[in-house]
$ cat model-v2.cif   # mmCIF, C-alpha atoms and all ligand atoms
data_start
#
loop_
_atom_site.label_atom_id
_atom_site.label_comp_id
_atom_site.auth_asym_id
_atom_site.auth_seq_id
_atom_site.Cartn_x
_atom_site.Cartn_y
_atom_site.Cartn_z
CA MET A 235 -10.74 37.21 -10.47
CA THR A 236 -11.20 35.43 -7.20
CA ASP A 237 -9.52 35.84 -3.85
CA HIS A 238 -9.95 32.16 -3.01
CA PRO A 239 -6.69 30.35 -2.28
CA ARG A 240 -5.57 28.27 -5.24
CA ILE A 241 -6.75 24.68 -5.46
CA TYR A 242 -3.98 22.59 -6.97
CA LEU A 243 -4.28 19.47 -9.10
CA SER A 244 -2.41 17.11 -6.80
CA PRO A 245 -0.29 18.89 -4.21
CA PRO A 246 1.86 17.10 -1.64
CA HIS A 247 -0.16 15.90 1.34
CA GLN A 248 1.78 15.34 4.53
CA ALA A 249 0.74 12.30 6.48
CA GLY A 250 1.95 13.71 9.81
CA GLY A 251 5.28 12.59 11.20
CA GLU A 252 7.45 13.80 8.30
CA LEU A 253 8.98 16.56 10.43
CA GLU A 254 9.94 14.12 13.19
CA ALA A 255 11.40 11.72 10.64
CA VAL A 256 13.55 14.44 9.10
CA ARG A 257 14.60 15.62 12.55
CA ARG A 258 15.62 12.07 13.44
CA VAL A 259 17.85 11.87 10.39
CA LEU A 260 19.37 15.28 11.01
CA GLU A 261 20.06 14.43 14.64
CA SER A 262 21.78 11.21 13.60
CA ASN A 263 23.75 13.24 10.99
CA TRP A 264 23.10 10.39 8.57
CA LEU A 265 22.55 12.69 5.61
CA ALA A 266 24.91 10.70 3.45
CA PRO A 267 25.94 8.36 2.11
CA LEU A 268 22.65 6.49 1.70
CA GLY A 269 21.79 5.14 5.16
CA PRO A 270 19.29 3.15 7.19
CA GLU A 271 16.23 5.08 6.01
CA VAL A 272 17.04 4.22 2.38
CA ASP A 273 17.48 0.54 3.29
CA ALA A 274 14.18 0.47 5.17
CA PHE A 275 12.30 2.39 2.45
CA GLU A 276 13.56 -0.10 -0.14
CA ARG A 277 12.34 -3.04 1.96
CA GLU A 278 8.97 -1.40 2.54
CA MET A 279 8.49 -0.51 -1.13
CA ALA A 280 9.43 -4.02 -2.27
CA LYS A 281 6.75 -5.31 0.07
CA ALA A 282 4.20 -2.76 -1.19
CA ALA A 283 4.84 -3.91 -4.77
CA GLY A 284 4.80 -7.58 -3.81
CA VAL A 285 8.34 -8.20 -5.06
CA GLY A 286 11.63 -9.16 -3.47
CA HIS A 287 13.89 -6.17 -4.00
CA ALA A 288 14.00 -2.42 -4.60
CA ALA A 289 16.50 0.34 -5.32
CA ALA A 290 15.69 3.88 -4.16
CA LEU A 291 16.53 6.50 -6.78
CA VAL A 292 16.26 10.21 -7.50
CA SER A 293 13.26 9.84 -9.82
CA GLY A 294 10.94 7.51 -11.65
CA THR A 295 12.62 8.57 -14.87
CA ALA A 296 15.97 7.39 -13.50
CA ALA A 297 14.33 4.07 -12.61
CA LEU A 298 13.05 3.66 -16.19
CA HIS A 299 16.48 4.52 -17.55
CA LEU A 300 18.21 1.96 -15.32
CA ALA A 301 15.64 -0.74 -16.13
CA LEU A 302 16.32 -0.31 -19.85
CA ARG A 303 20.06 -0.25 -19.29
CA LEU A 304 19.88 -3.41 -17.15
CA LEU A 305 17.99 -5.18 -19.92
CA GLY A 306 20.76 -4.22 -22.31
CA VAL A 307 18.48 -2.10 -24.49
CA GLY A 308 20.56 0.16 -26.71
CA ALA A 309 21.14 1.84 -30.04
CA GLY A 310 19.17 0.32 -32.89
CA ASP A 311 16.60 -1.28 -30.57
CA GLU A 312 12.90 -0.51 -30.50
CA VAL A 313 10.73 -0.43 -27.37
CA LEU A 314 6.93 -0.53 -27.36
CA CYS A 315 4.97 1.73 -25.03
CA PRO A 316 1.56 3.38 -24.98
CA THR A 317 1.18 6.69 -26.75
CA LEU A 318 -1.07 7.87 -23.91
CA THR A 319 1.48 8.47 -21.17
CA PHE A 320 3.69 11.11 -19.63
CA ALA A 321 6.75 11.83 -21.76
CA ALA A 322 9.21 10.34 -19.24
CA THR A 323 8.26 6.83 -20.39
CA ALA A 324 9.37 7.62 -23.94
CA PHE A 325 12.27 9.87 -22.94
CA ALA A 326 13.93 7.01 -21.09
CA ILE A 327 13.80 4.89 -24.25
CA ASP A 328 15.69 7.64 -26.04
CA TYR A 329 18.27 7.90 -23.24
CA VAL A 330 19.58 4.44 -24.12
CA GLY A 331 19.61 5.22 -27.85
CA ALA A 332 16.55 3.11 -28.66
CA LYS A 333 13.41 4.19 -30.51
CA PRO A 334 9.91 4.21 -29.01
CA VAL A 335 7.02 2.63 -30.90
CA PHE A 336 3.65 3.89 -29.71
CA LEU A 337 0.52 1.80 -29.25
CA ASP A 338 -2.99 3.02 -28.57
CA ALA A 339 -5.05 2.64 -25.40
CA THR A 340 -8.43 0.96 -24.97
CA GLU A 341 -11.62 2.94 -24.39
CA GLY A 342 -12.45 0.71 -21.45
CA SER A 343 -9.30 1.31 -19.43
CA TRP A 344 -7.29 4.12 -21.07
CA THR A 345 -4.27 1.79 -20.74
CA LEU A 346 -2.24 -0.16 -23.33
CA ASP A 347 -4.46 -2.11 -25.73
CA PRO A 348 -3.42 -5.79 -25.45
CA ALA A 349 -5.00 -6.61 -28.84
CA LEU A 350 -2.78 -4.07 -30.57
CA LEU A 351 0.21 -5.42 -28.69
CA VAL A 352 -0.57 -8.91 -29.97
CA GLU A 353 -0.89 -7.62 -33.55
CA GLU A 354 2.35 -5.67 -33.31
CA LEU A 355 4.37 -8.52 -31.78
CA GLU A 356 3.00 -11.10 -34.22
CA LEU A 357 3.88 -8.92 -37.17
CA ARG A 358 7.34 -8.14 -35.84
CA ALA A 359 8.00 -11.80 -35.09
CA THR A 360 7.37 -12.69 -38.74
CA GLN A 361 9.73 -9.90 -39.78
CA GLY A 362 12.43 -10.87 -37.25
CA ARG A 363 12.40 -7.49 -35.54
CA LEU A 364 10.93 -8.05 -32.11
CA PRO A 365 11.24 -5.09 -29.74
CA ALA A 366 13.86 -5.10 -27.00
CA ALA A 367 11.20 -4.42 -24.34
CA VAL A 368 7.60 -3.39 -23.72
CA ILE A 369 6.72 -0.69 -21.17
CA PRO A 370 3.02 -0.81 -20.22
CA VAL A 371 1.96 2.22 -18.17
CA ASP A 372 -0.49 2.08 -15.26
CA LEU A 373 -2.20 5.32 -16.20
CA TYR A 374 -3.63 7.73 -13.64
CA GLY A 375 -3.47 5.02 -10.99
CA GLN A 376 -5.00 2.21 -13.04
CA CYS A 377 -3.23 -1.06 -13.84
CA CYS A 378 -3.05 -2.40 -17.38
CA ASP A 379 -4.67 -5.70 -18.29
CA TYR A 380 -1.59 -7.76 -17.44
CA GLU A 381 -2.80 -11.30 -18.18
CA PRO A 382 -2.87 -10.91 -21.99
CA ILE A 383 0.11 -8.54 -21.95
CA LEU A 384 2.34 -10.94 -20.03
CA GLU A 385 1.11 -13.90 -22.03
CA ILE A 386 2.07 -12.46 -25.42
CA CYS A 387 5.32 -10.94 -24.14
CA GLY A 388 6.19 -14.27 -22.54
CA GLU A 389 5.49 -16.11 -25.78
CA TYR A 390 7.95 -13.91 -27.67
CA ARG A 391 10.34 -13.54 -24.71
CA VAL A 392 10.10 -9.77 -24.74
CA PRO A 393 10.87 -8.34 -21.29
CA VAL A 394 8.29 -6.08 -19.63
CA ILE A 395 9.05 -2.97 -17.60
CA GLU A 396 5.96 -1.86 -15.70
CA ASP A 397 5.74 1.91 -15.50
CA ALA A 398 3.76 2.16 -12.28
CA ALA A 399 4.95 5.72 -11.63
CA GLU A 400 1.34 6.88 -11.22
CA ALA A 401 -0.06 3.73 -9.67
CA LEU A 402 1.33 3.07 -6.21
CA GLY A 403 -1.58 1.60 -4.25
CA ALA A 404 -3.48 0.25 -7.27
CA SER A 405 -3.96 -3.46 -7.90
CA TYR A 406 -4.67 -5.94 -10.69
CA ARG A 407 -6.61 -9.10 -9.84
CA GLY A 408 -5.66 -8.62 -6.21
CA ARG A 409 -1.94 -8.12 -6.82
CA PRO A 410 -0.31 -4.74 -6.25
CA ALA A 411 0.91 -2.52 -9.09
CA GLY A 412 4.64 -2.61 -9.78
CA GLY A 413 5.22 -6.36 -9.62
CA PHE A 414 4.08 -7.50 -13.07
CA GLY A 415 7.14 -7.03 -15.24
CA ARG A 416 10.81 -7.96 -14.99
CA PHE A 417 11.09 -4.49 -13.46
CA GLY A 418 8.61 -2.09 -11.94
CA VAL A 419 9.02 1.67 -11.66
CA PHE A 420 7.52 4.11 -9.14
CA SER A 421 7.71 7.88 -8.85
CA PHE A 422 7.62 9.99 -5.68
CA ASN A 423 7.44 13.24 -7.60
CA GLY A 424 5.65 16.07 -5.77
CA ASN A 425 2.29 15.37 -7.40
CA LYS A 426 2.25 11.63 -6.67
CA ILE A 427 0.20 9.80 -4.08
CA VAL A 428 3.36 9.26 -1.99
CA THR A 429 5.99 11.93 -2.39
CA THR A 430 9.54 12.50 -1.23
CA SER A 431 9.46 15.89 -3.02
CA GLY A 432 11.26 14.05 -5.80
CA GLY A 433 12.29 10.43 -6.01
CA GLY A 434 11.70 7.05 -7.56
CA MET A 435 12.04 3.33 -7.00
CA LEU A 436 13.07 0.43 -9.20
CA VAL A 437 11.62 -2.88 -8.03
CA SER A 438 12.19 -6.46 -9.15
CA ASP A 439 12.29 -10.04 -8.01
CA ASP A 440 15.77 -10.25 -9.53
CA GLU A 441 18.10 -9.57 -6.61
CA GLU A 442 21.22 -9.43 -8.75
CA ALA A 443 19.66 -6.89 -11.11
CA ILE A 444 18.68 -4.62 -8.22
CA ARG A 445 22.19 -4.91 -6.78
CA ARG A 446 23.52 -3.88 -10.19
CA ALA A 447 21.00 -1.00 -10.32
CA ARG A 448 22.35 0.32 -7.01
CA PHE A 449 25.90 0.01 -8.36
CA LEU A 450 25.11 1.87 -11.60
CA ALA A 451 23.14 4.50 -9.68
CA SER A 452 26.19 5.22 -7.47
CA GLN A 453 28.57 6.18 -10.30
CA ALA A 454 29.48 2.53 -11.02
CA ARG A 455 32.32 2.47 -8.50
CA ASP A 456 34.18 -0.81 -8.68
CA PRO A 457 35.41 -2.25 -5.38
CA ALA A 458 38.79 -0.57 -4.87
CA PRO A 459 40.27 1.94 -2.37
CA HIS A 460 40.60 4.50 -5.16
CA TYR A 461 37.90 5.34 -7.71
CA GLU A 462 37.86 2.60 -10.31
CA HIS A 463 35.27 2.37 -13.09
CA SER A 464 34.79 -0.34 -15.65
CA THR A 465 31.45 0.90 -16.92
CA ILE A 466 29.45 4.13 -17.20
CA GLY A 467 27.48 5.04 -14.06
CA TYR A 468 24.95 7.61 -12.90
CA ASN A 469 24.35 9.74 -9.83
CA TYR A 470 20.85 8.40 -9.26
CA ARG A 471 20.61 7.36 -5.58
CA MET A 472 17.99 8.74 -3.21
CA SER A 473 19.17 10.58 -0.11
CA ASN A 474 18.60 9.19 3.37
CA LEU A 475 16.75 12.38 4.31
CA LEU A 476 14.16 11.95 1.56
CA ALA A 477 13.77 8.23 2.21
CA ALA A 478 12.71 9.11 5.76
CA VAL A 479 9.93 11.30 4.35
CA GLY A 480 8.93 8.55 1.92
CA ARG A 481 8.57 6.00 4.72
CA VAL A 482 6.16 8.17 6.65
CA GLN A 483 4.16 8.84 3.49
CA LEU A 484 4.13 5.17 2.52
CA ALA A 485 2.77 4.13 5.92
CA ALA A 486 -0.29 6.26 5.11
CA LEU A 487 -0.81 4.77 1.64
CA ASP A 488 -4.10 2.99 2.37
CA ALA A 489 -5.63 6.17 3.75
CA LYS A 490 -4.35 8.15 0.78
CA VAL A 491 -5.87 5.70 -1.70
CA ALA A 492 -9.15 5.73 0.23
CA ALA A 493 -9.17 9.55 0.14
CA ARG A 494 -8.51 9.66 -3.63
CA ARG A 495 -11.18 7.08 -4.32
CA ALA A 496 -13.66 9.01 -2.18
CA ILE A 497 -12.84 12.18 -4.12
CA PHE A 498 -13.51 10.32 -7.36
CA GLU A 499 -16.86 9.06 -6.07
CA ARG A 500 -17.91 12.56 -4.98
CA TYR A 501 -17.04 13.96 -8.40
CA ARG A 502 -19.16 11.24 -9.95
CA GLU A 503 -22.02 12.01 -7.60
CA TRP A 504 -21.81 15.77 -8.05
CA LEU A 505 -21.02 15.96 -11.79
CA GLY A 506 -22.07 12.61 -13.22
CA HIS A 507 -25.58 13.81 -14.04
CA LEU A 508 -24.34 16.60 -16.32
CA PRO A 509 -24.97 15.82 -19.97
CA GLY A 510 -21.82 14.89 -21.85
CA VAL A 511 -19.66 14.36 -18.76
CA GLY A 512 -18.04 10.92 -18.44
CA PHE A 513 -15.42 9.40 -16.11
CA MET A 514 -12.33 7.27 -16.58
CA PRO A 515 -13.68 3.70 -16.38
CA GLU A 516 -12.44 1.14 -13.87
CA PRO A 517 -12.36 -2.33 -15.46
CA GLU A 518 -13.36 -5.38 -13.42
CA TRP A 519 -9.77 -6.62 -13.37
CA GLY A 520 -8.46 -4.11 -10.90
CA ARG A 521 -8.82 -1.51 -8.24
CA ALA A 522 -7.50 1.89 -9.25
CA SER A 523 -5.87 4.25 -6.79
CA ARG A 524 -7.67 7.10 -8.59
CA TRP A 525 -4.44 9.09 -8.42
CA LEU A 526 -6.21 11.70 -10.53
CA THR A 527 -9.91 11.94 -11.28
CA CYS A 528 -10.21 12.29 -15.05
CA ILE A 529 -13.41 13.27 -16.77
CA THR A 530 -14.32 13.39 -20.45
CA VAL A 531 -16.47 16.14 -21.90
CA ASP A 532 -18.58 15.71 -25.01
CA PRO A 533 -18.86 19.33 -26.18
CA ASP A 534 -22.04 18.74 -28.16
CA ALA A 535 -23.89 17.37 -25.16
CA PHE A 536 -22.32 19.60 -22.51
CA GLY A 537 -22.34 22.78 -24.57
CA ALA A 538 -18.65 23.54 -24.05
CA ASP A 539 -15.42 21.64 -24.45
CA ARG A 540 -12.94 20.57 -21.83
CA GLU A 541 -10.80 23.62 -22.51
CA ALA A 542 -13.72 25.90 -21.62
CA ILE A 543 -14.05 24.04 -18.33
CA ARG A 544 -10.32 24.31 -17.71
CA LEU A 545 -10.40 28.06 -18.34
CA ALA A 546 -13.48 28.54 -16.15
CA LEU A 547 -11.68 26.71 -13.33
CA GLU A 548 -8.49 28.68 -13.90
CA ALA A 549 -10.44 31.95 -13.73
CA GLU A 550 -11.49 30.86 -10.23
CA ASN A 551 -7.94 29.95 -9.26
CA VAL A 552 -8.44 26.19 -9.65
CA GLU A 553 -5.80 24.09 -11.40
CA SER A 554 -6.92 21.36 -13.77
CA ARG A 555 -5.06 19.80 -16.68
CA PRO A 556 -5.84 18.13 -20.00
CA VAL A 557 -5.29 14.37 -20.14
CA TRP A 558 -1.75 13.52 -21.35
CA LYS A 559 -1.10 14.65 -24.88
CA PRO A 560 -0.31 11.46 -26.81
CA MET A 561 3.36 10.89 -27.59
CA HIS A 562 2.71 10.47 -31.31
CA LEU A 563 1.39 14.06 -31.38
CA GLN A 564 4.45 15.47 -29.61
CA PRO A 565 6.79 17.43 -31.87
CA VAL A 566 9.80 15.66 -30.38
CA PHE A 567 8.47 12.25 -31.47
CA ARG A 568 7.25 13.32 -34.90
CA GLY A 569 7.61 10.47 -37.34
CA ALA A 570 7.86 7.74 -34.69
CA SER A 571 6.27 4.39 -35.51
CA ARG A 572 2.88 3.68 -34.05
CA ARG A 573 -0.12 1.41 -34.14
CA GLY A 574 -3.44 3.19 -33.72
CA GLY A 575 -3.72 6.35 -31.65
CA GLU A 576 -7.29 7.52 -32.23
CA VAL A 577 -8.46 6.56 -28.75
CA ALA A 578 -5.60 8.47 -27.14
CA GLU A 579 -6.30 11.45 -29.41
CA ARG A 580 -9.93 11.54 -28.38
CA LEU A 581 -9.06 11.22 -24.68
CA PHE A 582 -6.61 14.11 -25.04
CA ARG A 583 -9.20 16.21 -26.89
CA ASP A 584 -12.02 15.55 -24.39
CA GLY A 585 -10.23 14.58 -21.18
CA LEU A 586 -9.58 16.76 -18.16
CA CYS A 587 -7.90 15.92 -14.83
CA LEU A 588 -9.60 17.56 -11.85
CA PRO A 589 -8.06 18.47 -8.49
CA SER A 590 -7.53 15.15 -6.74
CA GLY A 591 -5.04 15.62 -3.90
CA SER A 592 -5.70 13.35 -0.93
CA GLY A 593 -5.83 16.50 1.22
CA LEU A 594 -8.58 18.12 -0.86
CA SER A 595 -11.40 19.20 1.46
CA GLU A 596 -15.05 18.53 0.67
CA ALA A 597 -15.65 22.28 0.66
CA ASP A 598 -12.93 22.84 -1.95
CA GLN A 599 -14.22 19.95 -4.02
CA GLU A 600 -17.71 21.42 -3.85
CA ARG A 601 -16.24 24.71 -5.09
CA VAL A 602 -14.65 22.91 -8.08
CA CYS A 603 -17.92 21.17 -8.90
CA GLY A 604 -19.89 24.38 -8.50
CA ILE A 605 -17.76 26.03 -11.19
CA VAL A 606 -18.27 23.13 -13.60
CA ARG A 607 -22.01 22.98 -12.89
CA GLY A 608 -22.27 26.74 -13.22
CA LEU A 609 -20.69 26.63 -16.65
CA GLY A 610 -23.13 23.92 -17.69
CA GLU A 611 -26.08 25.97 -16.44
CA GLU A 612 -24.83 29.11 -18.13
CA LEU A 613 -24.77 27.19 -21.38
CA GLY A 614 -28.23 25.87 -20.73
CA SER A 615 -27.10 22.30 -20.57
CA GLY A 616 -26.51 21.78 -16.85
CA ARG A 617 -29.01 20.17 -14.53
CA THR A 618 -28.32 20.28 -10.82
C1 LIG A 701 3.77 7.52 -16.35
C2 LIG A 701 4.96 8.20 -15.76
N1 LIG A 701 6.17 7.66 -15.97
C3 LIG A 701 7.27 8.20 -15.45
C4 LIG A 701 7.21 9.35 -14.68
C5 LIG A 701 8.48 9.94 -14.20
O1 LIG A 701 8.62 10.02 -12.82
P1 LIG A 701 9.54 11.15 -12.18
O2 LIG A 701 8.82 12.45 -12.30
O3 LIG A 701 9.70 10.73 -10.76
O4 LIG A 701 10.84 11.15 -12.92
C6 LIG A 701 5.96 9.94 -14.40
C7 LIG A 701 5.74 11.12 -13.59
O5 LIG A 701 6.29 11.96 -13.18
C8 LIG A 701 4.81 9.36 -14.99
O6 LIG A 701 3.61 9.92 -14.80
#
$ encode --input "model-v2.cif" --output "structure tokens"
Amino acid sequence: MTDHPRIYLSPPHQAGGELEAVRRVLESNWLAPLGPEVDAFEREMAKAAGVGHAAALVSGTAALHLALRLLGVGAGDEVLCPTLTFAATAFAIDYVGAKPVFLDATEGSWTLDPALLVEELELRATQGRLPAAVIPVDLYGQCCDYEPILEICGEYRVPVIEDAAEALGASYRGRPAGGFGRFGVFSFNGNKIVTTSGGGMLVSDDEEAIRRARFLASQARDPAPHYEHSTIGYNYRMSNLLAAVGRVQLAALDAKVAARRAIFERYREWLGHLPGVGFMPEPEWGRASRWLTCITVDPDAFGADREAIRLALEAENVESRPVWKPMHLQPVFRGASRRGGEVAERLFRDGLCLPSGSGLSEADQERVCGIVRGLGEELGSGRT
């Protein structure tokens, strides 16, 4: 065992100024309902995503749920999404009574494979069973290849919800993540690049849809002095207190992205020479935020698999985590339709996310790398 303090995968990193922002809100007593910090955070997030409007919510999952509801997706519908994602993407599809259909990722980006999407939509078009929506996911801070995705979805008039929960600060061909679909979704969960401890944002150019999202997220209260409801609502709005934290964090976004990208580059420099160790690629179409640095480990070349590395790190009080387990392998989605999945399976088998918090010190990162290099040397495969 080690007496080193634990190094976490992606802990919250305060930008400085959060305490003052919270104090300001408390002094104004504007804890509820909603308030000026929520309004300002929505404006600032819409700008960050390059779209017109935003609704601040309790989570990214809530934002996905509302996006599907606003598109009228419901029982009997099918929604396409990548199998390589966090479960919330697929859970939200189930919330509205629809069924997820899982598509594989590409080796070159780890994001939704546009060629498979084309095949799936063309086939479904001939069968008259087009999906109600497609949810591409900007994985680990990397945008999907949106040109072909939007082209084919546009051709078949299938609406796109961009799950950019992990990708605030990333861009695709110079445009920021979050603005590519009819709706975009962000998460401010505690492990994200910008956190409000928990929170999310739904963004869109459709002003009326965002107004409706705010209405549904506030228990769908019709205008009346008493409580009047003509549809089902949710308690999904973000608090003014948390929005104040989010604004301070968001103002530091560029520095946070720069820090995560620098961490990625150091990992590449310090581990890239080890046999069998590879890194999540960054295609020419975009600039990733490198929310998490993900490596792949070829056990034959390295001498140990990614699980051995994870356990070696854990033994030294360092948190790392396997790449997302594909949705088609999850017991809860057993039997779901899918196209492909082998790429995602391999990435899950060989992929490991390393500590990547924007507050990670060089000394701590060196400690992480030392453990990985040490394991390689022990196995006779490492070269330093
Ligand atoms: C791809 C993806 N989608 C959706 C979510 C859900 O966001 P939240 O945790 O804010 O509900 C997350 C992460 O938490 C995620 O990684």
$ atom_distance --input "model-v2.cif" --atom1 "CA of Ala309 (chain A)" --atom2 "CA of Pro334 (chain A)"
11.5 Å
$ closest_atom_pairs --input "model-v2.cif" --of "chain A" --to "ligand LIG 701 (chain A)" --cutoff "6 Å" --atoms "all atoms listed in the file" --output "CSV"
residue,atom,partner,partner_atom,distance
A:Ser293,CA,A:LIG701,O3,3.8
A:Gly294,CA,A:LIG701,O3,3.6
A:Thr295,CA,A:LIG701,O4,3.7
A:Thr319,CA,A:LIG701,C1,5.4
A:Phe320,CA,A:LIG701,C1,4.9
A:Ala322,CA,A:LIG701,C3,4.8
A:Thr323,CA,A:LIG701,N1,5.0
A:Val371,CA,A:LIG701,C1,5.9
A:Asp397,CA,A:LIG701,N1,5.8
A:Ala399,CA,A:LIG701,C2,4.8
A:Glu400,CA,A:LIG701,O6,5.2
A:Ser421,CA,A:LIG701,O3,4.0
A:Phe422,CA,A:LIG701,O3,5.5
A:Asn423,CA,A:LIG701,O3,4.6
A:Gly433,CA,A:LIG701,O3,5.4
A:Gly434,CA,A:LIG701,O3,5.3
$ atom_distance --input "model-v2.cif" --atom1 "CA of Ala546 (chain A)" --atom2 "CA of Ile605 (chain A)"
7.0 Å
$ residues_around --input "model-v2.cif" --residues "Arg524 (chain A)" --least-positions-apart "3" --cutoff "9 Å" --atoms "only C-alpha atoms" --output "number ranges by chain"
A: 374-376, 401, 404, 491, 494-498, 521, 527-528, 590
$ residues_around --input "model-v2.cif" --residues "Ser431 (chain A)" --least-positions-apart "6" --cutoff "9 Å" --atoms "only C-alpha atoms" --output "MDAnalysis selection string"
chainID A and resid 246 422:425 476 479:480
$ atom_distance --input "model-v2.cif" --atom1 "CA of Leu594 (chain A)" --atom2 "CA of Ile241 (chain A)"
8.2 Å
$ residues_around --input "model-v2.cif" --residues "region 340-347 of chain A" --least-positions-apart "6" --cutoff "7 Å" --atoms "only C-alpha atoms" --output "PDB file with C-alpha atoms, in the frame of the given file"
ATOM      1  CA  PRO A 316       1.560   3.380 -24.980  1.00  0.00           C
ATOM      2  CA  PRO A 370       3.020  -0.810 -20.220  1.00  0.00           C
ATOM      3  CA  VAL A 371       1.960   2.220 -18.170  1.00  0.00           C
ATOM      4  CA  ASP A 372      -0.490   2.080 -15.260  1.00  0.00           C
ATOM      5  CA  LEU A 373      -2.200   5.320 -16.200  1.00  0.00           C
ATOM      6  CA  CYS A 378      -3.050  -2.400 -17.380  1.00  0.00           C
ATOM      7  CA  PRO A 515     -13.680   3.700 -16.380  1.00  0.00           C
ATOM      8  CA  GLU A 516     -12.440   1.140 -13.870  1.00  0.00           C
ATOM      9  CA  PRO A 517     -12.360  -2.330 -15.460  1.00  0.00           C
ATOM     10  CA  VAL A 577      -8.460   6.560 -28.750  1.00  0.00           C
TER      11      VAL A 577
END
$ residues_near_point --input "model-v2.cif" --point "(-5.7, 26.2, -4.6)" --cutoff "7 Å" --atoms "only C-alpha atoms" --output "VMD selection string"
chain A and resid 239 to 242 551 to 552
$ closest_residue --input "model-v2.cif" --among "A:Arg583, A:His562, A:Arg601, A:Arg471" --to "Phe336 (chain A)" --atoms "all atoms listed in the file"
A:His562
$ residues_around --input "model-v2.cif" --residues "His247 (chain A)" --least-positions-apart "6" --cutoff "8 Å" --atoms "only C-alpha atoms" --output "VMD selection string"
chain A and resid 591 to 593
$ closest_residue --input "model-v2.cif" --among "A:Ala454, A:Ala283, A:Leu487, A:Leu364" --to "Gly415 (chain A)" --atoms "only C-alpha atoms"
A:Ala283
$ closest_residue --input "model-v2.cif" --among "A:Leu260, A:Val437, A:Ala359, A:Ala290" --to "Ala477 (chain A)" --atoms "all atoms listed in the file"
A:Ala290
$ closest_atom_pairs --input "model-v2.cif" --of "region 425-497 of chain A" --to "region 300-306 of chain A" --cutoff "9 Å" --atoms "all atoms listed in the file" --output "tab-separated table"
residue	atom	partner	partner_atom	distance
A:Leu436	CA	A:Ala301	CA	7.5
A:Ala443	CA	A:Leu304	CA	7.0
A:Arg446	CA	A:Leu304	CA	7.9
A:Ala447	CA	A:Leu300	CA	6.4
A:Leu450	CA	A:Leu300	CA	7.8
A:Ala451	CA	A:Leu300	CA	7.9
$ write_last_selection --input "model-v2.cif" --atoms "C-alpha atoms" --output "PDB file, in the coordinates of the input"
ATOM      1  CA  LEU A 436      13.070   0.430  -9.200  1.00  0.00           C
ATOM      2  CA  ALA A 443      19.660  -6.890 -11.110  1.00  0.00           C
ATOM      3  CA  ARG A 446      23.520  -3.880 -10.190  1.00  0.00           C
ATOM      4  CA  ALA A 447      21.000  -1.000 -10.320  1.00  0.00           C
ATOM      5  CA  LEU A 450      25.110   1.870 -11.600  1.00  0.00           C
ATOM      6  CA  ALA A 451      23.140   4.500  -9.680  1.00  0.00           C
TER       7      ALA A 451
END
$ closest_residue --input "model-v2.cif" --among "A:Arg257, A:Val428, A:Arg607, A:Trp558" --to "Asp488 (chain A)" --atoms "only C-alpha atoms"
A:Val428
$ residues_around --input "model-v2.cif" --residues "Ala570 (chain A)" --least-positions-apart "2" --cutoff "12 Å" --atoms "all atoms listed in the file" --output "PDB file with C-alpha atoms, keeping the file's coordinate frame"
ATOM      1  CA  GLU A 312      12.900  -0.510 -30.500  1.00  0.00           C
ATOM      2  CA  VAL A 313      10.730  -0.430 -27.370  1.00  0.00           C
ATOM      3  CA  LEU A 314       6.930  -0.530 -27.360  1.00  0.00           C
ATOM      4  CA  CYS A 315       4.970   1.730 -25.030  1.00  0.00           C
ATOM      5  CA  THR A 317       1.180   6.690 -26.750  1.00  0.00           C
ATOM      6  CA  ALA A 324       9.370   7.620 -23.940  1.00  0.00           C
ATOM      7  CA  ASP A 328      15.690   7.640 -26.040  1.00  0.00           C
ATOM      8  CA  ALA A 332      16.550   3.110 -28.660  1.00  0.00           C
ATOM      9  CA  LYS A 333      13.410   4.190 -30.510  1.00  0.00           C
ATOM     10  CA  PRO A 334       9.910   4.210 -29.010  1.00  0.00           C
ATOM     11  CA  VAL A 335       7.020   2.630 -30.900  1.00  0.00           C
ATOM     12  CA  PHE A 336       3.650   3.890 -29.710  1.00  0.00           C
ATOM     13  CA  LEU A 337       0.520   1.800 -29.250  1.00  0.00           C
ATOM     14  CA  PRO A 560      -0.310  11.460 -26.810  1.00  0.00           C
ATOM     15  CA  MET A 561       3.360  10.890 -27.590  1.00  0.00           C
ATOM     16  CA  HIS A 562       2.710  10.470 -31.310  1.00  0.00           C
ATOM     17  CA  LEU A 563       1.390  14.060 -31.380  1.00  0.00           C
ATOM     18  CA  GLN A 564       4.450  15.470 -29.610  1.00  0.00           C
ATOM     19  CA  PRO A 565       6.790  17.430 -31.870  1.00  0.00           C
ATOM     20  CA  VAL A 566       9.800  15.660 -30.380  1.00  0.00           C
ATOM     21  CA  PHE A 567       8.470  12.250 -31.470  1.00  0.00           C
ATOM     22  CA  ARG A 568       7.250  13.320 -34.900  1.00  0.00           C
ATOM     23  CA  ARG A 572       2.880   3.680 -34.050  1.00  0.00           C
ATOM     24  CA  ARG A 573      -0.120   1.410 -34.140  1.00  0.00           C
TER      25      ARG A 573
END
$ closest_residue --input "model-v2.cif" --among "A:Leu298, A:Thr530, A:Glu548, A:Ala349" --to "Phe325 (chain A)" --atoms "all atoms listed in the file"
A:Leu298
